Structures are given as structure tokens and as C-alpha cells.
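Asker: Take this structure first; my questions come after.
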Amino acid sequence: MDNLQGKKILLGVTGGIAAYKSCELLRRFQDAGAQVRVVMTPSATDFVGPMTFAALSGFPVFLAGPHDSNTFRHIDYPRWADLMVVAPASAQSLARYTAGMADEPVSQCVLAALCPKLLVPAMNFAMFQAPATQRNLEQLRRDGFHIVAPESGHLACGEEGQGRFPAIPAILDAARAIFSAQQSPSPMTNGPKVLITVGRTEEPIDPVRLITNRSSGITGVAIAQAFLDAGFQVMLVNGPMEAKIPQGCQSVPVHSALQMHAAVMKLQPECLAMVFCAAVADYRPKTVALEKIKDSRSQLHIELEPNPNILRDAVAHRVPGQVLVGFALETADPIRHGLEKLARSGADLLVLNTPVRNESGFGKDSVEYSILDAKSTSENTELTLNPKSQLASDVVAAIRKRLS
């Protein structure tokens with residue numbers, strides 16, 4: 001039975017051309033057996049009349065202004081709901097929720113709701129990519145909101161980019177995943193299991209010095225969150241990083257490449273998909289000094305030896321039907337080198353990314369990337385700059401396509 005059956009869903013509609021798609025979303029929730037009530041911002045009524053939602057839902061729409069029948073609807077509607085969905089969620093509404101404002105009906109319900117909250121952003125691509133919007137989305141995730149990333153494509157304004165209202169089945173799946181998590185004894189026990197390596201590794205030279213890199217873990221954490229939102233069980237094998245592990249992930253912390261390799265090999269048989277996003281050191285010191293190396297102001301030679309290639313070893317031990325995704329960071333002739341690495345690795349997919357542009361890469365919210373597969377060539381491959389949340393959505397979509 002569909003776990004939306006019998007659920008009570010409060011649908012918030014904010015101002016945007018995608019508001020008309022909320023009518024179809026309401027119907028699809030009802031088709032799955034849910035009851036739906038609607039709350040609208042004043043600007044949303046410029047796009048779709050409240051009478052439409054009242055007729056479709058069978059309940060009065062909560063609007064701004066006086067209410068003869070119930071002056072506490074901003075409390076009663078959220079208390080009634082098992083889930084609140086804001087679709088579309090405009091850039092302005094995201095800023096409101098981040099700041100904790102309650103100056104119109106939807107934001108009042110968001111602030112008063114004790115149930116889970118699912119946001120469906122839809123807006124112009126530049127507004128979505130704006131640093132302020134990305135900061136707001138990250139804060140909202142930390143505050144416990146669930147988010148369905150917008151799709152890329154042709155926008156109502158005539159421009160191209162990420163900002164389209166997501167496919168309605170994706171929104172329904174995200175709602176189902178939320179209810180599945182509530183019903184399970186541990187987070188996401190019913191969905192397929194994915195393992196993601198995240199962060200960087202550290203190879204000790206002596207007790208205080210080490211070999212490492214600048215990976216912040218932002219990309220890997222964005223991918224983990226996208227898989228959680230899609231209903232997957234997520235296991236992170238995570239090295240040191242600045243990014244915060246999303247709530248609901250199982251975490252296996254490691255430091256060195258050897259530790260990461262051992263953890264991945266142990267967990268591989270449990271997983272339907274594996275994403276190798278961590279920045280793993282290629283070499284480690286052959287010997288590690290037991291005491292701090294003294295500063296003699298003379299030349300110091302450190303002999304290095306190669307670390308195991310975790311992706312290639314996972315390919316060699318892959319489980320039938322398992323999807324393996326590698327990552328490649330390249331700075332010169334990236335497409336050629338990415339295609340070569342995909343061929344060498346034996347992975348199903350390879351996420352090629354480059355930090356060359358100022359707004360791309362380590363510690364940034366955006367990255368220039370392309371997802372390569374066996375059909376990729378230098379002629380049909382190009383790198384695009386998008387938020388890391390879009391890269392995460394693209395990786396999830398590519399894996400889902402492989403699994404289906």
C-alpha cells in the first residue's frame with residue numbers, strides 16, 4: 001500500500017509562475033490516498049485563484065486577511081498536517097523561512113508546523129544560483145527541512161538553467177521517503193543502500209605533520225543529502241572535512257587512505273550503488289616517524305609509496321547489478337583525461353570536475369563538471385558550471401537510470 005494513503009498534507013503555494021503546477025501536485029497526492037489542504041501567499045493568488053484550490057481540495061484555503069470562521073488557522077492547519085509541502089517555494093519564501101519570519105500565511109504555517117517540511121524551490125536559474133539562495137538552502141537543510149532540487153531546462157522567462165519545478169513523481173517520492181523514515185526503526189531502512197566516500201584523507205609524516213589536500217566535503221555531503229531526499233539509505237565513509245554530515249546518514253569516520261580502503265571493502269557487499277567522491281591521497285610516507293622530526297634547516301627527503309586505488313579495487317570486487325561512480329578532478333585538458341580515467345577505472349560513471357574557474361571547486365558552492373559514461377566522447381562532452389546541489393541531483397538521476 002502507498003504510504004501516502006490516509007496522510008494529511010498541507011500544501012503551501014508561494015508566488016511564481018510554477019504555482020499552476022501545484023494544482024496537478026494536489027491531485028496526485030489525492031490519487032495516492034492523501035488528504036490535502038492549501039495555504040497561499042498573497043502573491044500566489046495572482047497566478048492561481050484560491051477558489052481553484054478550494055474546489056480541488058474540498059477545504060477552505062488559508063489566505064491573508066480576516067477569517068470569520070477561524071482566526072487561528074495558522075495554528076490549526078499545521079497541527080492537522082502530517083507533512084507540509086511548499087511548492088513552489090520562491091526565493092523570497094526561502095529567505096523568509098531562513099530568517100524565521102511569519103508575515104504571511106505560508107510562512108506562518110511553516111513556523112508553526114511541528115510536522116516534517118518539504119520545500120520545492122522553483123525560480124529563475126540566476127536567482128537559484130545566487131550565493132544568498134544557496135546559503136539559505138544550506139541553512140534550511142541544517143534546520144531539518146527536506147528539499148527537492150529544481151530541474152534544469154527551459155524556464156518560463158525564456159532562459160535556460162536550473163530552476164524548473166521538479167517532476168511531480170520526484171516530489172511524491174520525496175514525501176514517501178519522509179514517511180518511510182518515520183516508520184522505520186532506523187533512518188531510511190527501506191530504501192536501496194548507497195555508499196559514498198566523502199572528504200579528504202590524511203597521511204601522517206610524524207605525530208604532528210601530514211600529507212593531505214583541500215577537499216571540504218561539500219560536494220559529497222550534497223550528494224548524500226540528495227540520496228536521502230530520494231529515499232535511499234546512505235552510508236558515508238568520511239575522512240576529515242568541514243562540511244556537516246546530514247542527519248539520517250550512517251557515518252564511518254576514517255583518516256588515512258588505508259582506513260578508507262578497508263571500510264569500503266568491508267561494506268561493499270551491502271550496497272546497490274557506490275559513489276567515490278572523497279579526495280584520496282595517491283601516496284603515503286613509507287615510514288612514519290614516531291617523534292616529531294626536528295628542524296635541522298637541512299634538506300629532508302621523504303620516501304613515498306602508493307596508496308591502494310579504492311575505486312579500481314571496488315570494480316574488481318563488484319556485486320552483480322552494482323553501480324559504481326568515480327570522481328576525477330582535472331585542471332588541464334580535463335575532458336581527455338576524464339575519458340581516459342573512466343576507461344582505466346572500469347566504473348559505470350565518472351563525474352569529471354575542474355576547480356580552474358574562480359567560482360568552482362574547493363570550498364565553493366558551485367562546480368564545473370560533466371558526468372561521463374561509456375557513450376561519452378570528446379565531441380559530445382562539455383563542462384557546465386552549476387551549484388553542487390545540481391551535481392548531486394544529476395548523480396542521483398544517473399544512478400537511478402542505471403538501476404532501472
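Residues are referred to by chain and number: the chain letter is A, B, ... according to the order shown in the C-alpha cells, the number counts from 1 in that chain, and ligands are numbered separately from 1 in the order shown.
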Would you mind listing what lies within 9 Å of Leu324 in chain A as a ChimeraX atom specification, with only C-alpha atoms counted and same-chain residues fewer than 2 positions away left out?
Answerer: /A:272-276,311,314-315,318,322,326,346-350,399
Asker: Got a sec: who's within 6 Å of Leu119 in chain A, counting only C-alpha atoms, leaving out chain neighbours fewer than 5 positions off, as an NGL selection string?
Answerer: :A and (85-86 or 147)
Asker: Residues at most 9 Å from Pro116 in chain A, counting only C-alpha atoms, excluding those fewer than 6 positions away in the same chain, as a PDB file with C-alpha atoms, in the first residue's frame?
Answerer:
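Ended up saving to selection01.pdb:
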```
ATOM      1  CA  ASP A  82       1.341  15.060   8.854  1.00  0.00           C
ATOM      2  CA  LEU A  83       3.561  16.842   6.303  1.00  0.00           C
ATOM      3  CA  MET A  84       3.825  20.389   4.993  1.00  0.00           C
ATOM      4  CA  VAL A  85       4.909  20.808   1.369  1.00  0.00           C
ATOM      5  CA  GLY A 144      15.714  19.980   9.269  1.00  0.00           C
ATOM      6  CA  PHE A 145      13.859  20.941   6.089  1.00  0.00           C
ATOM      7  CA  HIS A 146      13.702  18.424   3.237  1.00  0.00           C
ATOM      8  CA  ILE A 178       9.944  11.153   4.666  1.00  0.00           C
TER       9      ILE A 178
END
```
Asker: Using only C-alpha atoms, which protein or nucleic acid residues come within 12 Å of Val36 in chain A? Drop anything in the same chain fewer than 2 positions from it, and give the result as an mmCIF file with C-alpha atoms, in the first residue's frame.
Answerer:
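Okay, this is what ended up in around09.cif:
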```
data_model
loop_
_atom_site.group_PDB
_atom_site.id
_atom_site.type_symbol
_atom_site.label_atom_id
_atom_site.label_comp_id
_atom_site.auth_asym_id
_atom_site.auth_seq_id
_atom_site.Cartn_x
_atom_site.Cartn_y
_atom_site.Cartn_z
ATOM 1 C CA LEU A 4 0.746 8.363 1.382
ATOM 2 C CA GLN A 5 -2.601 6.634 1.922
ATOM 3 C CA GLY A 6 -4.510 8.431 4.698
ATOM 4 C CA LYS A 7 -1.811 11.074 5.219
ATOM 5 C CA LYS A 8 -2.749 14.727 5.786
ATOM 6 C CA ILE A 9 -0.713 17.133 3.676
ATOM 7 C CA LEU A 10 -0.697 20.914 3.965
ATOM 8 C CA LEU A 11 0.289 22.386 0.601
ATOM 9 C CA GLY A 12 1.820 25.860 0.700
ATOM 10 C CA SER A 22 0.616 22.842 -7.671
ATOM 11 C CA CYS A 23 -2.916 22.008 -8.841
ATOM 12 C CA LEU A 25 0.543 18.051 -7.453
ATOM 13 C CA LEU A 26 -2.536 18.323 -5.230
ATOM 14 C CA ARG A 27 -4.407 15.884 -7.472
ATOM 15 C CA ARG A 28 -1.549 13.381 -7.467
ATOM 16 C CA PHE A 29 -1.396 13.460 -3.660
ATOM 17 C CA GLN A 30 -5.124 12.757 -3.622
ATOM 18 C CA ASP A 31 -4.716 9.929 -6.128
ATOM 19 C CA ALA A 32 -2.236 8.361 -3.693
ATOM 20 C CA GLY A 33 -4.861 8.491 -0.934
ATOM 21 C CA ALA A 34 -3.810 11.653 0.916
ATOM 22 C CA VAL A 38 -3.913 24.579 0.912
ATOM 23 C CA VAL A 39 -2.378 27.795 2.214
ATOM 24 C CA PHE A 53 -7.549 25.062 -4.787
ATOM 25 C CA ALA A 54 -10.644 25.125 -2.575
ATOM 26 C CA ALA A 55 -12.606 23.193 -5.204
ATOM 27 C CA LEU A 56 -9.824 20.654 -5.745
ATOM 28 C CA SER A 57 -9.082 20.083 -2.072
ATOM 29 C CA GLY A 58 -12.586 20.355 -0.648
ATOM 30 C CA PHE A 59 -11.303 22.610 2.153
ATOM 31 C CA PRO A 60 -11.183 26.399 2.599
ATOM 32 C CA VAL A 61 -7.872 27.911 1.515
ATOM 33 C CA TYR A 77 -3.791 23.837 9.663
ATOM 34 C CA PRO A 78 -0.164 22.973 10.575
ATOM 35 C CA TRP A 80 -3.720 18.984 11.340
ATOM 36 C CA ALA A 81 -0.960 18.079 8.878
ATOM 37 C CA ASP A 82 1.341 15.060 8.854
ATOM 38 C CA LEU A 83 3.561 16.842 6.303
ATOM 39 C CA MET A 84 3.825 20.389 4.993
ATOM 40 C CA VAL A 85 4.909 20.808 1.369
#
```
Asker: Extract, using only C-alpha atoms, all DNA, RNA and protein residues at most 12 Å from range 74-76 of chain A, discarding same-chain residues fewer than 6 positions from it, and format them as a list in words.
Answerer: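 After dropping sequence-adjacent residues, the list is Leu10, Gly12, Arg37, Val38, Val39, Met40, Val61, Phe62, Leu63, Ala64, Gly65, Pro66, His67, Ala102, Asp103, Glu104, Pro105, Val106, Ser107, Gln108, Cys109, Val110, Leu111, Ala112, Ala113 and Leu114 of chain A.
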Asker: Report as a list of chain:residue names: the residues of range 207-239 of chain A with a DSSP assignment of strand (DSSP E or B), based on the backbone of this structure.
Answerer: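 Filtering range 207-239 of chain A down to strand (DSSP E or B) leaves A:Leu210, A:Ile211, A:Gln233, A:Val234, A:Met235, A:Leu236, A:Val237, A:Asn238.
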Asker: How many Å separate CA of Gln225 in chain A from CA of Ala392 in chain A?
Answerer: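 Rounded to one decimal, the two atoms are 8.1 Å apart.
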Asker: List every residue of range 118-308 of chain A that DSSP, applied to the backbone, labels as helix (DSSP H, G or I), and write the result as JSON, numbers by chain.
Answerer: {"A": [125, 126, 127, 128, 129, 131, 132, 133, 134, 135, 136, 137, 138, 139, 140, 141, 142, 168, 169, 170, 171, 172, 173, 174, 175, 176, 177, 178, 179, 180, 181, 182, 183, 218, 219, 220, 221, 222, 223, 224, 225, 226, 227, 228, 229, 257, 258, 259, 260, 261, 262, 263, 264, 265, 266, 267, 268, 269, 270]}
Asker: Using the selection just defined, write its residues with C-alpha atoms as a PDB file, in the first residue's frame.
Answerer:
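The file below, part.pdb, is the result:
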```pdb
ATOM      1  CA  PHE A 125      18.339  29.999 -12.650  1.00  0.00           C
ATOM      2  CA  ALA A 126      20.322  33.103 -11.610  1.00  0.00           C
ATOM      3  CA  MET A 127      18.137  33.543  -8.541  1.00  0.00           C
ATOM      4  CA  PHE A 128      18.628  29.879  -7.636  1.00  0.00           C
ATOM      5  CA  GLN A 129      22.411  30.026  -8.100  1.00  0.00           C
ATOM      6  CA  PRO A 131      25.013  32.826  -3.134  1.00  0.00           C
ATOM      7  CA  ALA A 132      22.262  34.109  -0.830  1.00  0.00           C
ATOM      8  CA  THR A 133      19.792  31.479  -2.069  1.00  0.00           C
ATOM      9  CA  GLN A 134      22.359  28.694  -1.749  1.00  0.00           C
ATOM     10  CA  ARG A 135      23.222  29.840   1.794  1.00  0.00           C
ATOM     11  CA  ASN A 136      19.527  29.867   2.667  1.00  0.00           C
ATOM     12  CA  LEU A 137      19.030  26.342   1.311  1.00  0.00           C
ATOM     13  CA  GLU A 138      22.022  25.047   3.249  1.00  0.00           C
ATOM     14  CA  GLN A 139      20.751  26.639   6.473  1.00  0.00           C
ATOM     15  CA  LEU A 140      17.265  25.242   5.907  1.00  0.00           C
ATOM     16  CA  ARG A 141      18.732  21.745   5.469  1.00  0.00           C
ATOM     17  CA  ARG A 142      20.586  22.195   8.755  1.00  0.00           C
ATOM     18  CA  ILE A 168       5.728  15.639  -9.779  1.00  0.00           C
ATOM     19  CA  PRO A 169       6.732  11.953  -9.274  1.00  0.00           C
ATOM     20  CA  ALA A 170      10.009  13.178  -7.733  1.00  0.00           C
ATOM     21  CA  ILE A 171       8.075  15.295  -5.227  1.00  0.00           C
ATOM     22  CA  LEU A 172       5.786  12.378  -4.360  1.00  0.00           C
ATOM     23  CA  ASP A 173       8.814  10.100  -3.903  1.00  0.00           C
ATOM     24  CA  ALA A 174      10.416  12.643  -1.557  1.00  0.00           C
ATOM     25  CA  ALA A 175       7.225  12.759   0.525  1.00  0.00           C
ATOM     26  CA  ARG A 176       7.085   8.952   0.628  1.00  0.00           C
ATOM     27  CA  ALA A 177      10.735   8.840   1.745  1.00  0.00           C
ATOM     28  CA  ILE A 178       9.944  11.153   4.666  1.00  0.00           C
ATOM     29  CA  PHE A 179       7.126   8.905   5.859  1.00  0.00           C
ATOM     30  CA  SER A 180       9.268   5.791   5.325  1.00  0.00           C
ATOM     31  CA  ALA A 181      11.946   7.266   7.575  1.00  0.00           C
ATOM     32  CA  GLN A 182       9.352   7.932  10.285  1.00  0.00           C
ATOM     33  CA  GLN A 183       8.045   4.380  10.145  1.00  0.00           C
ATOM     34  CA  ILE A 218      30.716  19.999   0.363  1.00  0.00           C
ATOM     35  CA  THR A 219      30.128  18.062  -2.855  1.00  0.00           C
ATOM     36  CA  GLY A 220      29.962  14.678  -1.147  1.00  0.00           C
ATOM     37  CA  VAL A 221      27.586  15.955   1.520  1.00  0.00           C
ATOM     38  CA  ALA A 222      25.328  17.471  -1.164  1.00  0.00           C
ATOM     39  CA  ILE A 223      25.236  14.066  -2.888  1.00  0.00           C
ATOM     40  CA  ALA A 224      24.433  12.342   0.401  1.00  0.00           C
ATOM     41  CA  GLN A 225      21.541  14.738   1.034  1.00  0.00           C
ATOM     42  CA  ALA A 226      20.185  14.214  -2.483  1.00  0.00           C
ATOM     43  CA  PHE A 227      20.185  10.441  -1.969  1.00  0.00           C
ATOM     44  CA  LEU A 228      18.443  10.839   1.407  1.00  0.00           C
ATOM     45  CA  ASP A 229      15.796  13.037  -0.204  1.00  0.00           C
ATOM     46  CA  ALA A 257      43.570   6.039   2.617  1.00  0.00           C
ATOM     47  CA  LEU A 258      44.253   2.570   4.025  1.00  0.00           C
ATOM     48  CA  GLN A 259      41.472   3.023   6.572  1.00  0.00           C
ATOM     49  CA  MET A 260      39.072   4.229   3.878  1.00  0.00           C
ATOM     50  CA  HIS A 261      40.002   1.293   1.649  1.00  0.00           C
ATOM     51  CA  ALA A 262      39.352  -1.228   4.446  1.00  0.00           C
ATOM     52  CA  ALA A 263      35.975   0.329   5.311  1.00  0.00           C
ATOM     53  CA  VAL A 264      34.803   0.403   1.680  1.00  0.00           C
ATOM     54  CA  MET A 265      35.821  -3.206   1.012  1.00  0.00           C
ATOM     55  CA  LYS A 266      34.001  -4.358   4.153  1.00  0.00           C
ATOM     56  CA  LEU A 267      30.769  -2.504   3.321  1.00  0.00           C
ATOM     57  CA  GLN A 268      30.700  -3.073  -0.460  1.00  0.00           C
ATOM     58  CA  PRO A 269      28.599  -6.282  -0.439  1.00  0.00           C
ATOM     59  CA  GLU A 270      25.723  -4.429   1.279  1.00  0.00           C
TER      60      GLU A 270
END
```
Asker: Have a look at CA of Lys401 in chain A and CA of Asp373 in chain A and let me know their distance in Å, one decimal.
Answerer: 12.2 Å
Asker: Return the single residue from A:Asp2, A:Val120, A:Ile310, A:Ala167 that is closest to Ala397 in chain A, with distances computed using only C-alpha atoms.
Answerer: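 Selected residue with least distance to Ala397 in chain A: A:Ala167.
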Asker: Can you pull out the residues contacting Gly338 in chain A? Cut-off 12 Å, using only C-alpha atoms, and skip same-chain residues under 6 positions away; I want them as a list in words.
Answerer: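 Close residues of Gly338 in chain A: Gly326, Phe327, Ala328, Leu329, Glu330, Thr331, Ala332, Arg344, Ser345, Ala347, Leu349, Leu350, Val351, Leu352, Asn353, Thr354, Tyr369, Ser370, Ile371, Leu372, Asp373, Ala374, Ser376, Thr377, Ser378, Thr381, Glu382 and Leu383 of chain A.
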Asker: Restricted to C-alpha atoms, what would the selected residues look like written as a PDB file, in the first residue's frame?
Answerer:
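Saved to result02.pdb:
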```pdb
ATOM      1  CA  GLY A 326      34.083   7.564  -9.726  1.00  0.00           C
ATOM      2  CA  PHE A 327      35.212  11.180  -9.477  1.00  0.00           C
ATOM      3  CA  ALA A 328      38.031  12.845 -11.363  1.00  0.00           C
ATOM      4  CA  LEU A 329      39.415  16.305 -10.664  1.00  0.00           C
ATOM      5  CA  GLU A 330      41.412  17.636 -13.598  1.00  0.00           C
ATOM      6  CA  THR A 331      42.982  21.037 -14.242  1.00  0.00           C
ATOM      7  CA  ALA A 332      44.491  20.637 -17.737  1.00  0.00           C
ATOM      8  CA  ARG A 344      41.036   2.747 -16.922  1.00  0.00           C
ATOM      9  CA  SER A 345      38.823   2.566 -13.855  1.00  0.00           C
ATOM     10  CA  ALA A 347      33.441   2.399 -13.365  1.00  0.00           C
ATOM     11  CA  LEU A 349      30.018   6.581 -14.494  1.00  0.00           C
ATOM     12  CA  LEU A 350      32.663   9.187 -13.790  1.00  0.00           C
ATOM     13  CA  VAL A 351      31.986  12.708 -12.507  1.00  0.00           C
ATOM     14  CA  LEU A 352      34.592  14.948 -14.120  1.00  0.00           C
ATOM     15  CA  ASN A 353      35.098  18.267 -12.352  1.00  0.00           C
ATOM     16  CA  THR A 354      37.604  21.076 -12.510  1.00  0.00           C
ATOM     17  CA  TYR A 369      31.508  19.305 -14.126  1.00  0.00           C
ATOM     18  CA  SER A 370      30.238  16.667 -16.544  1.00  0.00           C
ATOM     19  CA  ILE A 371      29.030  13.102 -15.896  1.00  0.00           C
ATOM     20  CA  LEU A 372      30.761  10.668 -18.257  1.00  0.00           C
ATOM     21  CA  ASP A 373      29.650   7.189 -19.288  1.00  0.00           C
ATOM     22  CA  ALA A 374      30.594   4.641 -21.947  1.00  0.00           C
ATOM     23  CA  SER A 376      30.832   9.903 -23.810  1.00  0.00           C
ATOM     24  CA  THR A 377      33.338  11.274 -26.318  1.00  0.00           C
ATOM     25  CA  SER A 378      35.391  14.444 -26.543  1.00  0.00           C
ATOM     26  CA  THR A 381      31.070  16.160 -23.670  1.00  0.00           C
ATOM     27  CA  GLU A 382      31.134  19.650 -22.203  1.00  0.00           C
ATOM     28  CA  LEU A 383      31.674  21.057 -18.729  1.00  0.00           C
TER      29      LEU A 383
END
```
